[in-house]
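Enquirer: Quick one, coords.pdb (PDB, C-alpha atoms):
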```pdb
ATOM      1  CA  MET A  89     170.902 288.915 161.722  1.00  0.00           C
ATOM      2  CA  PHE A  90     174.613 288.922 162.547  1.00  0.00           C
ATOM      3  CA  SER A  91     175.519 285.319 163.284  1.00  0.00           C
ATOM      4  CA  GLN A  92     179.098 285.247 162.005  1.00  0.00           C
ATOM      5  CA  PRO A  93     181.692 284.429 164.678  1.00  0.00           C
ATOM      6  CA  THR A  94     183.352 287.839 164.543  1.00  0.00           C
ATOM      7  CA  PHE A  95     181.592 291.176 164.680  1.00  0.00           C
ATOM      8  CA  SER A  96     183.354 293.904 162.706  1.00  0.00           C
ATOM      9  CA  GLU A  97     183.221 297.698 162.679  1.00  0.00           C
ATOM     10  CA  ALA A  98     181.198 297.427 159.466  1.00  0.00           C
ATOM     11  CA  ASP A  99     178.715 295.137 161.247  1.00  0.00           C
ATOM     12  CA  ALA A 100     178.364 297.612 164.125  1.00  0.00           C
ATOM     13  CA  LYS A 101     177.783 300.462 161.662  1.00  0.00           C
ATOM     14  CA  GLN A 102     175.154 298.340 159.916  1.00  0.00           C
ATOM     15  CA  VAL A 103     173.193 297.938 163.170  1.00  0.00           C
ATOM     16  CA  ILE A 104     173.153 301.726 163.606  1.00  0.00           C
ATOM     17  CA  ASP A 105     172.276 302.254 159.946  1.00  0.00           C
ATOM     18  CA  VAL A 106     169.281 299.902 160.237  1.00  0.00           C
ATOM     19  CA  PHE A 107     168.108 301.858 163.304  1.00  0.00           C
ATOM     20  CA  PHE A 108     168.302 305.167 161.431  1.00  0.00           C
ATOM     21  CA  GLU A 109     166.813 303.793 158.211  1.00  0.00           C
ATOM     22  CA  GLY A 110     163.765 302.889 160.275  1.00  0.00           C
ATOM     23  CA  PHE A 111     163.886 306.263 162.033  1.00  0.00           C
ATOM     24  CA  HIS A 112     163.885 308.177 158.749  1.00  0.00           C
ATOM     25  CA  GLN A 113     161.364 305.904 156.992  1.00  0.00           C
ATOM     26  CA  GLY A 114     158.955 305.778 159.937  1.00  0.00           C
ATOM     27  CA  ASP A 115     159.465 302.005 160.077  1.00  0.00           C
ATOM     28  CA  THR A 116     159.313 301.063 163.755  1.00  0.00           C
ATOM     29  CA  LEU A 117     159.576 297.334 162.958  1.00  0.00           C
ATOM     30  CA  LYS A 118     162.927 297.958 161.293  1.00  0.00           C
ATOM     31  CA  MET A 119     164.054 299.970 164.326  1.00  0.00           C
ATOM     32  CA  ARG A 120     162.879 297.250 166.725  1.00  0.00           C
ATOM     33  CA  SER A 121     164.839 294.625 164.775  1.00  0.00           C
ATOM     34  CA  VAL A 122     168.070 296.075 166.216  1.00  0.00           C
ATOM     35  CA  MET A 123     166.765 297.255 169.597  1.00  0.00           C
ATOM     36  CA  ALA A 124     166.920 295.262 172.814  1.00  0.00           C
ATOM     37  CA  GLU A 125     163.549 294.732 174.431  1.00  0.00           C
ATOM     38  CA  GLU A 126     164.587 296.863 177.427  1.00  0.00           C
ATOM     39  CA  LEU A 127     166.559 299.527 175.537  1.00  0.00           C
ATOM     40  CA  VAL A 128     167.636 302.298 177.925  1.00  0.00           C
ATOM     41  CA  MET A 129     167.450 305.818 176.461  1.00  0.00           C
ATOM     42  CA  GLN A 130     168.906 308.984 177.959  1.00  0.00           C
ATOM     43  CA  THR A 131     169.793 312.532 176.935  1.00  0.00           C
ATOM     44  CA  ALA A 132     172.548 314.696 178.444  1.00  0.00           C
ATOM     45  CA  PHE A 133     171.963 318.438 178.078  1.00  0.00           C
ATOM     46  CA  SER A 134     172.111 321.829 179.743  1.00  0.00           C
ATOM     47  CA  ASP A 135     168.876 323.668 180.463  1.00  0.00           C
ATOM     48  CA  ALA A 136     168.221 327.357 179.795  1.00  0.00           C
ATOM     49  CA  GLN A 137     169.717 328.256 183.214  1.00  0.00           C
ATOM     50  CA  GLY A 138     172.918 326.342 182.471  1.00  0.00           C
ATOM     51  CA  ASN A 139     172.135 323.403 184.750  1.00  0.00           C
ATOM     52  CA  HIS A 140     173.557 320.100 183.523  1.00  0.00           C
ATOM     53  CA  LYS A 141     170.927 317.397 183.312  1.00  0.00           C
ATOM     54  CA  VAL A 142     170.379 313.832 182.192  1.00  0.00           C
ATOM     55  CA  SER A 143     166.847 312.870 181.234  1.00  0.00           C
ATOM     56  CA  ASN A 144     165.574 309.324 180.981  1.00  0.00           C
ATOM     57  CA  GLY A 145     163.336 308.357 178.095  1.00  0.00           C
ATOM     58  CA  LYS A 146     161.452 305.285 176.982  1.00  0.00           C
ATOM     59  CA  ALA A 147     162.090 303.440 173.760  1.00  0.00           C
ATOM     60  CA  SER A 148     158.326 302.879 173.504  1.00  0.00           C
ATOM     61  CA  ASP A 149     157.788 306.670 173.495  1.00  0.00           C
ATOM     62  CA  LEU A 150     160.312 307.093 170.671  1.00  0.00           C
ATOM     63  CA  LEU A 151     158.663 304.346 168.632  1.00  0.00           C
ATOM     64  CA  LEU A 152     155.224 305.859 169.241  1.00  0.00           C
ATOM     65  CA  ALA A 153     156.469 309.291 168.130  1.00  0.00           C
ATOM     66  CA  ILE A 154     157.948 307.748 164.965  1.00  0.00           C
ATOM     67  CA  ALA A 155     154.762 305.795 164.224  1.00  0.00           C
ATOM     68  CA  ASN A 156     152.566 308.898 164.724  1.00  0.00           C
ATOM     69  CA  ARG A 157     154.847 311.416 162.984  1.00  0.00           C
ATOM     70  CA  PRO A 158     152.818 313.494 160.515  1.00  0.00           C
ATOM     71  CA  GLU A 159     153.756 312.945 156.874  1.00  0.00           C
ATOM     72  CA  THR A 160     154.450 316.691 156.664  1.00  0.00           C
ATOM     73  CA  GLN A 161     157.362 316.335 159.102  1.00  0.00           C
ATOM     74  CA  GLN A 162     160.736 315.252 157.786  1.00  0.00           C
ATOM     75  CA  TRP A 163     163.126 314.223 160.566  1.00  0.00           C
ATOM     76  CA  ASP A 164     166.694 314.101 159.281  1.00  0.00           C
ATOM     77  CA  GLU A 165     169.365 312.981 161.722  1.00  0.00           C
ATOM     78  CA  ARG A 166     172.631 313.347 159.822  1.00  0.00           C
ATOM     79  CA  LEU A 167     175.369 311.134 161.218  1.00  0.00           C
ATOM     80  CA  LEU A 168     178.742 312.822 160.705  1.00  0.00           C
ATOM     81  CA  ASP A 169     181.038 309.950 161.698  1.00  0.00           C
ATOM     82  CA  TYR A 170     181.190 306.532 163.334  1.00  0.00           C
ATOM     83  CA  LYS A 171     183.711 305.616 166.012  1.00  0.00           C
ATOM     84  CA  VAL A 172     183.450 301.921 166.842  1.00  0.00           C
ATOM     85  CA  GLN A 173     184.997 299.896 169.653  1.00  0.00           C
ATOM     86  CA  ILE A 174     184.433 296.140 170.009  1.00  0.00           C
ATOM     87  CA  ASP A 175     185.403 293.645 172.687  1.00  0.00           C
ATOM     88  CA  GLY A 176     183.911 290.169 172.331  1.00  0.00           C
ATOM     89  CA  ASN A 177     180.143 290.423 172.804  1.00  0.00           C
ATOM     90  CA  LEU A 178     180.191 294.156 173.546  1.00  0.00           C
ATOM     91  CA  ALA A 179     180.450 297.099 171.164  1.00  0.00           C
ATOM     92  CA  HIS A 180     180.233 300.870 171.437  1.00  0.00           C
ATOM     93  CA  VAL A 181     179.394 303.201 168.551  1.00  0.00           C
ATOM     94  CA  TRP A 182     179.831 306.980 168.844  1.00  0.00           C
ATOM     95  CA  THR A 183     178.088 309.063 166.162  1.00  0.00           C
ATOM     96  CA  PRO A 184     178.296 312.869 166.133  1.00  0.00           C
ATOM     97  CA  TYR A 185     175.168 314.196 164.423  1.00  0.00           C
ATOM     98  CA  GLU A 186     173.067 317.149 163.314  1.00  0.00           C
ATOM     99  CA  PHE A 187     169.275 317.019 163.573  1.00  0.00           C
ATOM    100  CA  TRP A 188     167.188 318.806 160.958  1.00  0.00           C
ATOM    101  CA  LEU A 189     163.393 319.192 160.898  1.00  0.00           C
ATOM    102  CA  ASN A 190     161.854 319.962 157.499  1.00  0.00           C
ATOM    103  CA  GLY A 191     165.225 321.256 156.282  1.00  0.00           C
ATOM    104  CA  LYS A 192     165.779 323.518 159.329  1.00  0.00           C
ATOM    105  CA  PHE A 193     168.687 322.911 161.720  1.00  0.00           C
ATOM    106  CA  ILE A 194     167.365 322.102 165.216  1.00  0.00           C
ATOM    107  CA  HIS A 195     170.332 320.823 167.246  1.00  0.00           C
ATOM    108  CA  CYS A 196     173.572 318.860 167.174  1.00  0.00           C
ATOM    109  CA  GLY A 197     175.318 316.447 169.495  1.00  0.00           C
ATOM    110  CA  ALA A 198     176.546 312.891 169.647  1.00  0.00           C
ATOM    111  CA  ASN A 199     174.883 309.524 170.074  1.00  0.00           C
ATOM    112  CA  ALA A 200     176.576 306.850 172.172  1.00  0.00           C
ATOM    113  CA  PHE A 201     175.212 303.382 171.416  1.00  0.00           C
ATOM    114  CA  THR A 202     176.044 300.312 173.490  1.00  0.00           C
ATOM    115  CA  LEU A 203     175.488 297.073 171.597  1.00  0.00           C
ATOM    116  CA  ALA A 204     175.706 293.509 172.858  1.00  0.00           C
ATOM    117  CA  LYS A 205     175.422 290.106 171.281  1.00  0.00           C
ATOM    118  CA  THR A 206     172.241 288.405 172.439  1.00  0.00           C
ATOM    119  CA  ASN A 207     170.644 285.089 171.523  1.00  0.00           C
ATOM    120  CA  GLU A 208     168.636 287.090 168.976  1.00  0.00           C
ATOM    121  CA  GLY A 209     171.758 288.715 167.473  1.00  0.00           C
ATOM    122  CA  TRP A 210     173.451 292.060 168.062  1.00  0.00           C
ATOM    123  CA  LYS A 211     171.107 294.580 169.701  1.00  0.00           C
ATOM    124  CA  ILE A 212     171.269 298.168 170.920  1.00  0.00           C
ATOM    125  CA  LEU A 213     171.036 298.014 174.730  1.00  0.00           C
ATOM    126  CA  HIS A 214     171.661 301.660 175.578  1.00  0.00           C
ATOM    127  CA  LEU A 215     171.439 304.947 173.722  1.00  0.00           C
ATOM    128  CA  ILE A 216     172.467 308.238 175.269  1.00  0.00           C
ATOM    129  CA  ASP A 217     172.709 311.396 173.233  1.00  0.00           C
ATOM    130  CA  SER A 218     173.841 314.949 173.838  1.00  0.00           C
ATOM    131  CA  ARG A 219     171.994 317.965 172.460  1.00  0.00           C
ATOM    132  CA  ARG A 220     173.004 321.559 171.909  1.00  0.00           C
ATOM    133  CA  LYS A 221     172.244 324.345 169.463  1.00  0.00           C
ATOM    134  CA  THR A 222     175.715 325.912 169.254  1.00  0.00           C
ATOM    135  CA  ASP A 223     179.368 324.829 169.032  1.00  0.00           C
ATOM    136  CA  CYS A 224     178.558 322.114 166.510  1.00  0.00           C
ATOM    137  CA  GLY A 225     181.948 322.030 164.787  1.00  0.00           C
ATOM    138  CA  TYR A 226     183.394 318.531 164.599  1.00  0.00           C
TER     139      TYR A 226
END
```
Would you write out, as structure tokens, the structure that this file holds?

Expert:
Amino acid sequence: MFSQPTFSEADAKQVIDVFFEGFHQGDTLKMRSVMAEELVMQTAFSDAQGNHKVSNGKASDLLLAIANRPETQQWDERLLDYKVQIDGNLAHVWTPYEFWLNGKFIHCGANAFTLAKTNEGWKILHLIDSRRKTDCGY
């Protein structure tokens, strides 16, 4: 997909945009086109008691949830910005976001994507996000 010798900020944003186009459209094949086979997924959050936690997820579970999402549910992850860093075959994309379900605000946070150039092109290797319901000003 991205075979040019240099990988730009615009290229990195495009990888993330393809991921979220698939996410919003319910198109798991589109999402997979930019995901590494062994994509690592995590979430950093605080529980109701104020304990700081990191949970580990599975990309396959996310794809299954997307594929089985009822048509009555509209998931809208609104990316507020992109901060991109690139060094050779490695890139990092930071995207503050708000998540809305059927037009109702659910939570906010930031996504941190690690991308790497593979023999199949640039792929998302790691995704960790934060989630909170308050203090969403960016």

Enquirer: Can you tell me which residues surround segment 184-199 of chain A at a distance of at most 7 Å, considering only C-alpha atoms, apart from same-chain residues fewer than 2 positions away, and format the answer as a PDB file with C-alpha atoms, in the frame of the given file?

Expert:
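New file around-v2.pdb:
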```pdb
ATOM      1  CA  GLN A 161     157.362 316.335 159.102  1.00  0.00           C
ATOM      2  CA  GLN A 162     160.736 315.252 157.786  1.00  0.00           C
ATOM      3  CA  TRP A 163     163.126 314.223 160.566  1.00  0.00           C
ATOM      4  CA  ASP A 164     166.694 314.101 159.281  1.00  0.00           C
ATOM      5  CA  GLU A 165     169.365 312.981 161.722  1.00  0.00           C
ATOM      6  CA  ARG A 166     172.631 313.347 159.822  1.00  0.00           C
ATOM      7  CA  LEU A 167     175.369 311.134 161.218  1.00  0.00           C
ATOM      8  CA  LEU A 168     178.742 312.822 160.705  1.00  0.00           C
ATOM      9  CA  ASP A 169     181.038 309.950 161.698  1.00  0.00           C
ATOM     10  CA  TRP A 182     179.831 306.980 168.844  1.00  0.00           C
ATOM     11  CA  PHE A 201     175.212 303.382 171.416  1.00  0.00           C
ATOM     12  CA  LEU A 215     171.439 304.947 173.722  1.00  0.00           C
ATOM     13  CA  ILE A 216     172.467 308.238 175.269  1.00  0.00           C
ATOM     14  CA  ASP A 217     172.709 311.396 173.233  1.00  0.00           C
ATOM     15  CA  SER A 218     173.841 314.949 173.838  1.00  0.00           C
ATOM     16  CA  ARG A 219     171.994 317.965 172.460  1.00  0.00           C
ATOM     17  CA  ARG A 220     173.004 321.559 171.909  1.00  0.00           C
ATOM     18  CA  LYS A 221     172.244 324.345 169.463  1.00  0.00           C
ATOM     19  CA  CYS A 224     178.558 322.114 166.510  1.00  0.00           C
TER      20      CYS A 224
END
```

Enquirer: Is it possible to get the axis-aligned box enclosing segment 187-204 of chain A (all listed atoms, 3 Å extra per side) as AutoDock Vina command-line options, with centre and edge lengths in Å rounded to one decimal?

Expert:
```
--center_x 169.2 --center_y 308.5 --center_z 164.9 --size_x 20.7 --size_y 36.0 --size_z 23.2
```

Enquirer: Between atom CA of Gly114 of chain A and atom CA of Ala155 of chain A, what is the spacing in Å?

Expert: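 Calculated distance between atom CA of Ala155 of chain A and atom CA of Gly114 of chain A is 6.0 Å.
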
Enquirer: Please write the residues picked by the PyMOL selection byres ((chain A and resi 96-108) around 7) on this file as a list in words.

Expert: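 Taken on the displayed file, the PyMOL selection byres ((chain A and resi 96-108) around 7) yields the residues Thr94, Phe95, Glu109, Gly110, Phe111, His112, Lys118, Met119, Val122 and Val172 of chain A.
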
Enquirer: Rank nothing, just name the residue among A:Thr222, A:His214, A:Leu117, A:Thr202 nearest to Leu152 of chain A, using all atoms listed in the file.

Expert: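 Nearest to Leu152 of chain A: A:Leu117.
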
Enquirer: I want to know what sits within 10 Å of Glu125 of chain A, based on only C-alpha atoms, with residues of the same chain fewer than 2 positions away left out; could you give that as a list of chain:residue names?

Expert: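 Near neighbours after the sequence-gap exclusion: A:Arg120, A:Ser121, A:Val122, A:Met123, A:Leu127, A:Val128, A:Ala147, A:Ser148, A:Lys211, A:Ile212, A:Leu213.
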
Enquirer: Next, dump the selected residues to file, keeping only C-alpha atoms, as a compact mmCIF listing (two decimals), in the coordinates of the input.

Expert:
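Saved result, result_16.txt, follows:
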```txt
# COMPACT_ATOMS: atom_id res chain seq x y z
CA ARG A 120 162.88 297.25 166.72
CA SER A 121 164.84 294.62 164.78
CA VAL A 122 168.07 296.08 166.22
CA MET A 123 166.76 297.26 169.60
CA LEU A 127 166.56 299.53 175.54
CA VAL A 128 167.64 302.30 177.92
CA ALA A 147 162.09 303.44 173.76
CA SER A 148 158.33 302.88 173.50
CA LYS A 211 171.11 294.58 169.70
CA ILE A 212 171.27 298.17 170.92
CA LEU A 213 171.04 298.01 174.73
```

Enquirer: Please identify all polymer residues within 12 Å of His140 of chain A, counting all atoms listed in the file, omitting same-chain residues fewer than 3 positions from it, and present them as a list in words.

Expert: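 Final neighbour list, sorted by chain and number: Thr131, Ala132, Phe133, Ser134, Asp135, Ala136, Gln137, Ser143, Ser218, Arg219 and Arg220 of chain A.
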
Enquirer: When you count only C-alpha atoms, which of these residues is closest to Thr183 of chain A: A:Leu150, A:Val142, A:Ala124, A:Ala200?

Expert: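 For Thr183 of chain A, the nearest of the candidates is A:Ala200.
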
Enquirer: Kindly give the distance, in Å, that separates atom CA of His180 of chain A and atom CA of Leu203 of chain A, rounded to a single decimal.

Expert: 6.1 Å

Enquirer: Grab the atom CA of Ile174 of chain A to atom CA of Lys205 of chain A distance for me, in Å with one decimal place.

Expert: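 Those two atoms sit 10.9 Å apart.
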
Enquirer: When the PyMOL selection byres ((chain A and resi 177) around 6) is applied to the structure above, which residues does it catch, written out as a PyMOL selection string?

Expert: chain A and resi 176+178+204-205

Enquirer: Could you please fill out segment 199-225 of chain A with N, CA, C and O atoms and send it back as a PDB file, in the frame of the given file?

Expert:
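Listing of selection08.pdb after writing:
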```pdb
ATOM      1  N   ASN A 199     175.563 310.708 169.559  1.00  0.00           N
ATOM      2  CA  ASN A 199     174.883 309.524 170.074  1.00  0.00           C
ATOM      3  C   ASN A 199     175.953 308.553 170.560  1.00  0.00           C
ATOM      4  O   ASN A 199     176.973 308.376 169.896  1.00  0.00           O
ATOM      5  N   ALA A 200     175.706 307.918 171.685  1.00  0.00           N
ATOM      6  CA  ALA A 200     176.576 306.850 172.172  1.00  0.00           C
ATOM      7  C   ALA A 200     175.711 305.600 172.314  1.00  0.00           C
ATOM      8  O   ALA A 200     174.819 305.536 173.161  1.00  0.00           O
ATOM      9  N   PHE A 201     175.961 304.634 171.434  1.00  0.00           N
ATOM     10  CA  PHE A 201     175.212 303.382 171.416  1.00  0.00           C
ATOM     11  C   PHE A 201     176.039 302.283 172.067  1.00  0.00           C
ATOM     12  O   PHE A 201     177.207 302.116 171.727  1.00  0.00           O
ATOM     13  N   THR A 202     175.432 301.521 172.964  1.00  0.00           N
ATOM     14  CA  THR A 202     176.044 300.312 173.490  1.00  0.00           C
ATOM     15  C   THR A 202     175.296 299.145 172.886  1.00  0.00           C
ATOM     16  O   THR A 202     174.068 299.051 172.991  1.00  0.00           O
ATOM     17  N   LEU A 203     176.048 298.252 172.225  1.00  0.00           N
ATOM     18  CA  LEU A 203     175.488 297.073 171.597  1.00  0.00           C
ATOM     19  C   LEU A 203     176.035 295.834 172.295  1.00  0.00           C
ATOM     20  O   LEU A 203     177.162 295.863 172.794  1.00  0.00           O
ATOM     21  N   ALA A 204     175.241 294.789 172.309  1.00  0.00           N
ATOM     22  CA  ALA A 204     175.706 293.509 172.858  1.00  0.00           C
ATOM     23  C   ALA A 204     175.137 292.375 172.020  1.00  0.00           C
ATOM     24  O   ALA A 204     174.056 292.495 171.434  1.00  0.00           O
ATOM     25  N   LYS A 205     175.887 291.299 171.980  1.00  0.00           N
ATOM     26  CA  LYS A 205     175.422 290.106 171.281  1.00  0.00           C
ATOM     27  C   LYS A 205     174.460 289.371 172.195  1.00  0.00           C
ATOM     28  O   LYS A 205     174.786 289.041 173.335  1.00  0.00           O
ATOM     29  N   THR A 206     173.259 289.132 171.693  1.00  0.00           N
ATOM     30  CA  THR A 206     172.241 288.405 172.439  1.00  0.00           C
ATOM     31  C   THR A 206     171.926 287.119 171.680  1.00  0.00           C
ATOM     32  O   THR A 206     172.437 286.896 170.579  1.00  0.00           O
ATOM     33  N   ASN A 207     171.069 286.302 172.231  1.00  0.00           N
ATOM     34  CA  ASN A 207     170.644 285.089 171.523  1.00  0.00           C
ATOM     35  C   ASN A 207     169.869 285.418 170.253  1.00  0.00           C
ATOM     36  O   ASN A 207     169.751 284.581 169.368  1.00  0.00           O
ATOM     37  N   GLU A 208     169.364 286.639 170.157  1.00  0.00           N
ATOM     38  CA  GLU A 208     168.636 287.090 168.976  1.00  0.00           C
ATOM     39  C   GLU A 208     169.535 287.862 168.018  1.00  0.00           C
ATOM     40  O   GLU A 208     169.065 288.408 167.025  1.00  0.00           O
ATOM     41  N   GLY A 209     170.817 287.965 168.309  1.00  0.00           N
ATOM     42  CA  GLY A 209     171.758 288.715 167.473  1.00  0.00           C
ATOM     43  C   GLY A 209     172.222 289.969 168.189  1.00  0.00           C
ATOM     44  O   GLY A 209     171.957 290.163 169.379  1.00  0.00           O
ATOM     45  N   TRP A 210     172.933 290.821 167.485  1.00  0.00           N
ATOM     46  CA  TRP A 210     173.451 292.060 168.062  1.00  0.00           C
ATOM     47  C   TRP A 210     172.323 293.069 168.192  1.00  0.00           C
ATOM     48  O   TRP A 210     171.591 293.326 167.233  1.00  0.00           O
ATOM     49  N   LYS A 211     172.191 293.642 169.400  1.00  0.00           N
ATOM     50  CA  LYS A 211     171.107 294.580 169.701  1.00  0.00           C
ATOM     51  C   LYS A 211     171.646 295.820 170.402  1.00  0.00           C
ATOM     52  O   LYS A 211     172.659 295.768 171.109  1.00  0.00           O
ATOM     53  N   ILE A 212     170.957 296.927 170.211  1.00  0.00           N
ATOM     54  CA  ILE A 212     171.269 298.168 170.920  1.00  0.00           C
ATOM     55  C   ILE A 212     170.641 298.057 172.309  1.00  0.00           C
ATOM     56  O   ILE A 212     169.431 297.909 172.446  1.00  0.00           O
ATOM     57  N   LEU A 213     171.500 298.117 173.345  1.00  0.00           N
ATOM     58  CA  LEU A 213     171.036 298.014 174.730  1.00  0.00           C
ATOM     59  C   LEU A 213     170.839 299.378 175.375  1.00  0.00           C
ATOM     60  O   LEU A 213     170.005 299.546 176.262  1.00  0.00           O
ATOM     61  N   HIS A 214     171.667 300.341 174.951  1.00  0.00           N
ATOM     62  CA  HIS A 214     171.661 301.660 175.578  1.00  0.00           C
ATOM     63  C   HIS A 214     171.951 302.715 174.530  1.00  0.00           C
ATOM     64  O   HIS A 214     172.818 302.519 173.678  1.00  0.00           O
ATOM     65  N   LEU A 215     171.209 303.793 174.590  1.00  0.00           N
ATOM     66  CA  LEU A 215     171.439 304.947 173.722  1.00  0.00           C
ATOM     67  C   LEU A 215     171.368 306.192 174.580  1.00  0.00           C
ATOM     68  O   LEU A 215     170.354 306.452 175.232  1.00  0.00           O
ATOM     69  N   ILE A 216     172.467 306.927 174.621  1.00  0.00           N
ATOM     70  CA  ILE A 216     172.467 308.238 175.269  1.00  0.00           C
ATOM     71  C   ILE A 216     172.957 309.229 174.232  1.00  0.00           C
ATOM     72  O   ILE A 216     173.870 308.931 173.458  1.00  0.00           O
ATOM     73  N   ASP A 217     172.289 310.371 174.180  1.00  0.00           N
ATOM     74  CA  ASP A 217     172.709 311.396 173.233  1.00  0.00           C
ATOM     75  C   ASP A 217     172.894 312.717 173.962  1.00  0.00           C
ATOM     76  O   ASP A 217     172.367 312.917 175.050  1.00  0.00           O
ATOM     77  N   SER A 218     173.694 313.577 173.345  1.00  0.00           N
ATOM     78  CA  SER A 218     173.841 314.949 173.838  1.00  0.00           C
ATOM     79  C   SER A 218     173.120 315.853 172.847  1.00  0.00           C
ATOM     80  O   SER A 218     172.944 315.495 171.678  1.00  0.00           O
ATOM     81  N   ARG A 219     172.704 317.015 173.328  1.00  0.00           N
ATOM     82  CA  ARG A 219     171.994 317.965 172.460  1.00  0.00           C
ATOM     83  C   ARG A 219     172.412 319.379 172.810  1.00  0.00           C
ATOM     84  O   ARG A 219     172.451 319.757 173.978  1.00  0.00           O
ATOM     85  N   ARG A 220     172.715 320.133 171.746  1.00  0.00           N
ATOM     86  CA  ARG A 220     173.004 321.559 171.909  1.00  0.00           C
ATOM     87  C   ARG A 220     172.710 322.253 170.591  1.00  0.00           C
ATOM     88  O   ARG A 220     172.639 321.623 169.545  1.00  0.00           O
ATOM     89  N   LYS A 221     172.580 323.568 170.658  1.00  0.00           N
ATOM     90  CA  LYS A 221     172.244 324.345 169.463  1.00  0.00           C
ATOM     91  C   LYS A 221     173.438 325.114 168.916  1.00  0.00           C
ATOM     92  O   LYS A 221     173.372 325.640 167.813  1.00  0.00           O
ATOM     93  N   THR A 222     174.538 325.164 169.691  1.00  0.00           N
ATOM     94  CA  THR A 222     175.715 325.912 169.254  1.00  0.00           C
ATOM     95  C   THR A 222     176.956 325.036 169.395  1.00  0.00           C
ATOM     96  O   THR A 222     176.885 323.938 169.946  1.00  0.00           O
ATOM     97  N   ASP A 223     178.094 325.547 168.939  1.00  0.00           N
ATOM     98  CA  ASP A 223     179.368 324.829 169.032  1.00  0.00           C
ATOM     99  C   ASP A 223     179.270 323.434 168.412  1.00  0.00           C
ATOM    100  O   ASP A 223     179.644 322.437 169.022  1.00  0.00           O
ATOM    101  N   CYS A 224     178.793 323.392 167.178  1.00  0.00           N
ATOM    102  CA  CYS A 224     178.558 322.114 166.510  1.00  0.00           C
ATOM    103  C   CYS A 224     179.709 321.701 165.598  1.00  0.00           C
ATOM    104  O   CYS A 224     179.583 320.726 164.882  1.00  0.00           O
ATOM    105  N   GLY A 225     180.822 322.388 165.638  1.00  0.00           N
ATOM    106  CA  GLY A 225     181.948 322.030 164.787  1.00  0.00           C
ATOM    107  C   GLY A 225     182.579 320.717 165.217  1.00  0.00           C
ATOM    108  O   GLY A 225     182.891 320.534 166.385  1.00  0.00           O
TER     109      GLY A 225
END
```
